[in-house]
Structures are given as C-alpha cells and as structure tokens.
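Here the structure comes first, spelled out in structure tokens, and everything after it is commentary.
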Amino acid sequence: MIPEEHVEEPISLSLTPYTGTWTKAEAAHLLRRTMFGPTLQQIQQAVTDGMNATVASLLTLPTTNPPLTYSPDEAVAAFGTTWVTSVYPSSNQSVTDNARGNSLGAWMMERCNQQTVSIQEKMCLFWNNHFGVEGSSDARAIYNLHNLYRQNCLGDFRQLVKDITIEPMMLIFLNGTTNNAFSPNENYARELLELFSVGKGLQVGPGDYSTYTETDIFESAKILTGWVVEELFSSTAPSPVANFYAILHDANNKTLSNYFANAVISNNGAAEYEDYINVIFQQPDMAKHICRKLYRWFVNYDLTAAVESTVIADMAATLEANNFVIQPVMDELLKSEHFYDMSVRGAIIKNPIEHMFSMLNATSSAPNFSLASNYEIYLQIFAFNMVLGMHYFRPPSVGGWTAYYQTPSYSKLWANSSYIKLRFDLSTYLTLTTGIASGTNNFKIDALGFVNGLSLPSSAPAVIDDMADVFTPKGLSAANKLTLKFILTNGQPDFEWTLQYTDYQADPGNITLSNPIRQRVEFVLYRLFQMPEFQTI
C-alpha cells in the first residue's frame, strides 16, 4: 500500500520560535519525537498546555527507581530490593550476574514503557548510541554507566565526556584500563576524537583528518594513561571503580597539532585528562559534531548543505553560548519553525524500541502482575528488540547503530526485508494472539482500555480519526480510513458499531459483549500497525 501523497510546504530553516497553528498534529509530532509513543490523552493535554509548557515538561527530568531483584538466582540482594550496590557472592558469580543482567534489561524496558511526558528516555538511548559502549561485564557497572546517561542527559556535554573518559565500562570497552606509559593503547584516544567529540572531518593529507591528526591520537593516548578498573565482581566492594596510578601515567609533556592551537598538555596526574578535554572543547567546530547527531536523532537524517549552514550552525552557536549544556539547544530546537515543518514530519523510520513502544505506550498497555511476572515479560520485550536489531546494551559498533550514520540509507535500514517482516509478526503477536506469557499471566495490547479512552468510542469514524491522530505523523488517506472502519464495523453500517459499543458500555463485565468489541479493535490495530504510515515518526 502506498501512502497518500502530501504536498510539502517550503522547508523552513529557521530556529526562531514556531508561531503557526498548534493542533493535535503539531503536539503529536513533538511528543512522538521526544517520547516512545504518546497516548491520545497526552496529545490532547499538550494541545491544551501549548508548545512552550509542553516543551518545558519534556525537558524536566523525573527521578527513577533502580532495578529490583526478582530472580531466585540472585544470591545477595533480597527479593524486591535493588542490587545495584550489592556485593557479589564469593562463588557462582556468573549466575548472580546473569540474574542482575536480566533484571537490568527488564528494568530498562519498564522505563521505556512507563514513561512520563519527558524526553529523558529518548535522550538516554541517544547517548547510548553516541558513546556506543558494549556492556558485557558486572551488571552494576552497566547500570552505573546508563545511570550516568540518565542523570546527565540534558546537562553539560563537556562534563559528560570527562565522566565517560574514566567510566569503568568505557575503560574496559576501549582498553583504557590497560593503557599505560609502558604500553600506550590508542583505542579510546581515537574514538574520543573521531566519534565522541570533534568528529572525523575530510582527510586532507596522510594522518590529517581536518579536525585532528594521527599525532593527536598518539599524544592523547599518553595523556589518558594510568587509569585502572578495579573491584569487578567484588565480594566486598559495592561497585566497580576506576583508580589512577601515577606510576602507570606518562608524565612527559604532550604537544597537540595546529587543530588544537599546538597546545601543550603537561603532567597533571589524575586531572590531566580533564585539561586535555578542555582543550578539545575549544576547537572551533567542536559543537557542530554533537549538534549534527542531535539533529539526525530528533529531526531528520538528511543533513543538506542548507541545513548544515543554517540549522546546525545555529544549534552549535547556542551550545557554545551555553557552555555546552544540551538543554538550551533542545529547548530552541523543539520550539523552532524548522522542527514543525511538514517536510520533517514522518521523515524518520522508527527504530525497534520506538516501534515496540509506540504500540504499547500509545495504547496504555503495560504489564500489571507481580514483580517477577512483570520483569519476565519486560525481559521478553527486551529480546524482541534484539531480534529486530536493537540490543539496548550492545550497539553493533562503537559508532552506535548503523541507521544513524550509514549514508544514504540511514533509518531506512530499520525497514529492510528481514526486519519489516519481523515487525509485522510482532504486531500480530501483540494484537491477535494471547501475547507474551509469564507463567499463567498473558500480556498483550489493551484494546478495550485503548478504545475506551478515545474521544468518542461509540462513533466508528471518530475511533478511526483518533487512531490516525495517535499513530500516524501525516494522517491516513480517506481510502485507508474507510478500510479500517470497515474492519472495525465488520462491514456493517456505522450505527451497528454504536449499538454494540453502547451495549458493552452498559455492562462492561459481560464478556459476551466485551469480547466482540475487543476483537474488532485488535483487528483494526493489527491492520494499522502494518501500514507504511505507522512505520515513521
């Protein structure tokens, strides 16, 4: 099925505040890009609150509780308590760590599913993609890394880079813990420049990438020597730590290239890496690299020359003016004329987590069983996302997921012939089958709860209109709406749906009345979730 053609308005490249109409379409666009699937109620509330107040809510970070123990394989922390600062047992540590890793994966899916009107979870996934750390040891260390993202997702980017540089998981992942004066390792030094900070420009000569040189990598590896990760899987310490050893640190002066004004980094012990990062952040084009990545994540993968010279330049100027704090950049971007341009809406194909939770969250579907059952269900959701190409804790490379850097396809990579079939299978599983099982408990989309929360559920046309508003960034064609309404009414006149829904509403506990309503809504959602219009945000 080919989506209906839409007439595109001229692209606005302005970051000046949006002054156009503020309707469900604009509110839904904002929430889809910053959350994992808004509900109709959240969209309607955003319309009532207006753009400024909604953006303010989105940029307010809620506090979150840590993951909990639910598995009998956890040997230290009691059931229902958190294990994030618990020691490991002296034996069978891998069994306990597996239990903690499962708890962590389930908890992360719970965070995506039970979101508030906040950008926090989308930003956490953004930073996970940006730094590309593969978490594979000590669940406490993996939690600490992702908690760092969570607490600082809108904060000081320069400080975040400093924190990540000596973060135990990063030190392990890119060999920083074995980088010492006697055997320098360039792994992290290279990625710090190429991916995490200034970015790799065009190669203009041997070892010269127009933003840094091979000499800079060699020198920065020496700057970063001396850090060692300790207390992994410790039976006495509450968390892995990174410690600095002066004897392992290269105490000589290090001279950087002309891209960093030939700065000399002298010995400063445990604080030397901070001196170096401060110099990196003085690079003239430093801010543009992270702004490009923010733009591709939240706006559009298409970085045209016009976008580069206007939007990216303006975002970078805002970032620099605010000492590299991310929040003002996002505030400006999410309120801008450019962000609400029709050419931007629906331009990005959902990643697997966006796809999964746009089905669950928009229908207010969340498991509501025991702690153990809920976590087992969330762990299966975690596995579904892995199969669809997005293992939350293991991006495929240090550069993150290919859909965010692989030209020219970008997000289209999420809809290849293998993945799109799996997406359709998943939508079938969550609507037309018994869903995800945990013991005797089954979890699937709450079709009855969803339709009951729509603006006028007794009206078949209104139900389909609301579904289009919730699930499709550019709406549905008249033909597609008629198709969905035909499914909802089972080919009967609209008044038959009204009569059936009214009878159900009068006696909602009667499964003879509720089951037909639920099944018809499930059939509609199943069909809608396979439409091209649903695959984008």
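Identifiers for the structure tokens are assigned positionally: chains receive A, B, ... in sequence, residues are indexed from 1 per chain, and ligands are indexed from 1 in the order shown.
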
Exercise for the section: Would you kindly return, as a PyMOL selection string, each protein, DNA or RNA residue with an atom no farther than 9 Å from any atom of Ala362 in chain A, considering only C-alpha atoms and excluding same-chain residues fewer than 3 positions away? Expected result: chain A and resi 36-40+357-359+365+450+470-471

Using C-alpha atoms, can you export the residues from the last selection as a short mmCIF file (atom, residue, chain, number, x, y, z; two decimals), in the first residue's frame?
data_model
loop_
_atom_site.label_atom_id
_atom_site.label_comp_id
_atom_site.auth_asym_id
_atom_site.auth_seq_id
_atom_site.Cartn_x
_atom_site.Cartn_y
_atom_site.Cartn_z
CA PHE A 36 8.17 6.41 22.93
CA GLY A 37 4.57 6.60 21.76
CA PRO A 38 2.28 9.25 23.31
CA THR A 39 -1.32 8.49 24.21
CA LEU A 40 -4.27 10.45 22.87
CA PHE A 357 6.63 1.11 22.48
CA SER A 358 4.65 3.17 20.00
CA MET A 359 2.29 0.18 20.02
CA SER A 365 -0.57 -1.17 27.64
CA PHE A 450 -7.43 1.93 24.48
CA VAL A 470 -2.24 8.90 17.62
CA PHE A 471 -0.32 6.58 15.31
#

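All residues of range 98-283 of chain A that DSSP, run on the backbone, classes as strand (DSSP E) are A:Trp227, A:Val228, A:Val229, A:Glu230, A:Val241, A:Ala242, A:Asn243, A:Phe244, A:Lys254, A:Thr255, A:Val264, A:Ile265.
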
Would you list the contacts of Asn452 in chain A as a PDB file with C-alpha atoms, in the first residue's frame, taking every protein, DNA or RNA residue within 12 Å and counting only C-alpha atoms, but skipping same-chain residues closer than 4 positions in sequence?
ATOM      1  CA  LEU A  40      -4.272  10.446  22.865  1.00  0.00           C
ATOM      2  CA  GLN A  41      -4.700  11.951  26.328  1.00  0.00           C
ATOM      3  CA  THR A 363      -2.495   2.144  23.896  1.00  0.00           C
ATOM      4  CA  SER A 364      -1.561   2.493  27.602  1.00  0.00           C
ATOM      5  CA  ASP A 446      -5.085  -3.496  25.938  1.00  0.00           C
ATOM      6  CA  ALA A 447      -7.524  -2.920  23.092  1.00  0.00           C
ATOM      7  CA  LEU A 448     -10.534  -2.312  25.342  1.00  0.00           C
ATOM      8  CA  LEU A 456     -15.927   9.264  21.179  1.00  0.00           C
ATOM      9  CA  PRO A 457     -15.572   5.465  21.206  1.00  0.00           C
ATOM     10  CA  SER A 458     -19.209   4.854  20.264  1.00  0.00           C
ATOM     11  CA  SER A 459     -18.618   6.512  16.876  1.00  0.00           C
ATOM     12  CA  VAL A 463     -12.432   5.969  16.559  1.00  0.00           C
ATOM     13  CA  ASP A 466      -8.357   9.248  16.776  1.00  0.00           C
ATOM     14  CA  TYR A 501     -20.419  -0.323  21.930  1.00  0.00           C
ATOM     15  CA  THR A 502     -23.342   1.206  23.867  1.00  0.00           C
ATOM     16  CA  TYR A 504     -20.951  -3.128  26.060  1.00  0.00           C
ATOM     17  CA  GLN A 505     -20.588   0.153  27.937  1.00  0.00           C
ATOM     18  CA  PRO A 508     -18.603  -3.929  30.584  1.00  0.00           C
ATOM     19  CA  SER A 514     -16.860  -7.002  25.554  1.00  0.00           C
ATOM     20  CA  ILE A 517     -15.574  -5.008  20.820  1.00  0.00           C
ATOM     21  CA  ARG A 518     -12.065  -6.002  21.884  1.00  0.00           C
ATOM     22  CA  VAL A 521     -10.312  -3.076  17.825  1.00  0.00           C
TER      23      VAL A 521
END

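Nearest to Met356 in chain A of all the residues A:Leu256, A:Met109, A:Val55, A:Met315 is A:Met109, counting only C-alpha atoms.
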
Practice task
Would you kindly return, as a ChimeraX atom specification, each protein, DNA or RNA residue with an atom no farther than 8 Å from any atom of range 141-158 of chain A, considering only C-alpha atoms and excluding same-chain residues fewer than 5 positions away?
Solution key: /A:59,84,104,120-121,123-124,127-128,135-136,167-169,239-240,277-278,281,323-327

Exercise for the section: Could you give me, as a ChimeraX atom specification, the residues within 10 Å of Tyr405 in chain A, counting only C-alpha atoms and dropping anything in the same chain fewer than 5 positions from it? Expected result: /A:293,296,301,399-400,410-411

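Considering only C-alpha atoms, the residue among A:Ile119, A:Met286, A:Ile377, A:Ala75 positioned nearest to Leu195 in chain A is A:Met286.
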
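Across the structure, CA of Phe424 in chain A and CA of Phe529 in chain A are spaced 7.4 Å apart.
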
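Near Asn98 in chain A, within 12 Å and counting only C-alpha atoms, sit Thr69, Tyr70, Ser71, Pro72, Asp73, Glu74, Ala75, Tyr88, Asn92, Gln93, Ser103, Leu104, Gly105, Ser136, Ser137, Asp138, Ala139, Arg140 and Phe233 of chain A, not including residues fewer than 5 positions from it in the same chain.
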
Same residues, N, CA and C atoms, saved as a compact mmCIF listing (two decimals), in the first residue's frame:
# COMPACT_ATOMS: atom_id res chain seq x y z
N THR A 69 15.55 -6.83 42.40
CA THR A 69 15.80 -8.27 42.38
C THR A 69 14.47 -9.00 42.20
N TYR A 70 14.43 -9.91 41.24
CA TYR A 70 13.22 -10.71 41.06
C TYR A 70 13.52 -12.19 40.84
N SER A 71 14.78 -12.52 40.59
CA SER A 71 15.15 -13.89 40.25
C SER A 71 15.69 -14.63 41.48
N PRO A 72 15.34 -15.91 41.63
CA PRO A 72 15.91 -16.69 42.75
C PRO A 72 17.40 -16.94 42.59
N ASP A 73 17.95 -16.64 41.40
CA ASP A 73 19.39 -16.81 41.19
C ASP A 73 20.21 -15.68 41.82
N GLU A 74 19.55 -14.60 42.24
CA GLU A 74 20.26 -13.52 42.93
C GLU A 74 20.62 -14.01 44.33
N ALA A 75 21.93 -14.02 44.63
CA ALA A 75 22.41 -14.64 45.87
C ALA A 75 22.63 -13.67 47.01
N TYR A 88 29.06 -9.14 45.22
CA TYR A 88 28.82 -10.43 44.59
C TYR A 88 29.13 -11.56 45.57
N ASN A 92 30.00 -18.79 42.28
CA ASN A 92 28.87 -18.75 41.35
C ASN A 92 28.49 -17.31 40.99
N GLN A 93 29.51 -16.49 40.79
CA GLN A 93 29.24 -15.08 40.49
C GLN A 93 28.53 -14.89 39.16
N SER A 103 17.56 -8.55 35.20
CA SER A 103 16.81 -7.51 35.92
C SER A 103 17.04 -6.15 35.28
N LEU A 104 18.29 -5.87 34.89
CA LEU A 104 18.63 -4.59 34.29
C LEU A 104 17.93 -4.42 32.93
N GLY A 105 17.94 -5.48 32.11
CA GLY A 105 17.27 -5.40 30.82
C GLY A 105 15.78 -5.20 30.97
N SER A 136 29.17 -5.67 28.90
CA SER A 136 29.25 -7.13 28.91
C SER A 136 29.84 -7.70 30.20
N SER A 137 30.04 -6.86 31.21
CA SER A 137 30.59 -7.39 32.45
C SER A 137 30.10 -6.58 33.64
N ASP A 138 29.83 -7.28 34.75
CA ASP A 138 29.39 -6.70 36.02
C ASP A 138 28.17 -5.80 35.82
N ALA A 139 27.00 -6.33 36.08
CA ALA A 139 25.75 -5.60 35.86
C ALA A 139 25.73 -4.28 36.60
N ARG A 140 26.43 -4.19 37.74
CA ARG A 140 26.47 -2.92 38.48
C ARG A 140 27.16 -1.85 37.65
N PHE A 233 33.06 -7.58 40.00
CA PHE A 233 32.51 -8.80 40.62
C PHE A 233 33.04 -8.98 42.05

Practice task
Find, counting only C-alpha atoms, the residue in A:Asn65, A:Asn442, A:Ser234, A:Thr48 that gets nearest to Tyr429 in chain A.
Solution key: A:Asn442

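Shortest atom-to-atom contact with Pro89 in chain A among A:Pro367, A:Gly207, A:Pro17, A:Pro238: A:Pro238, counting only C-alpha atoms.
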
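The shortest atom-to-atom distance to Gly269 in chain A, with only C-alpha atoms taken into account, belongs to A:Ile223 out of A:Ala462, A:Leu334, A:Ile223, A:Val229.
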
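Using only C-alpha atoms, the residues found no farther than 12 Å from Leu528 in chain A, other than those of its own chain fewer than 5 positions away, are Met1, Met359, Phe424, Ser427, Thr428, Thr431, Ile464, Met467, Ala468, Val470, Phe471, Thr472, Gly475, Leu476, Asn480, Lys481, Leu482, Thr483, Leu484, Lys485, Ile487, Leu488, Val521, Glu522, Phe523, Glu533, Phe534 and Gln535 of chain A.
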
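When CA of Tyr245 in chain A is paired with CA of Phe196 in chain A, their separation reads 24.9 Å.
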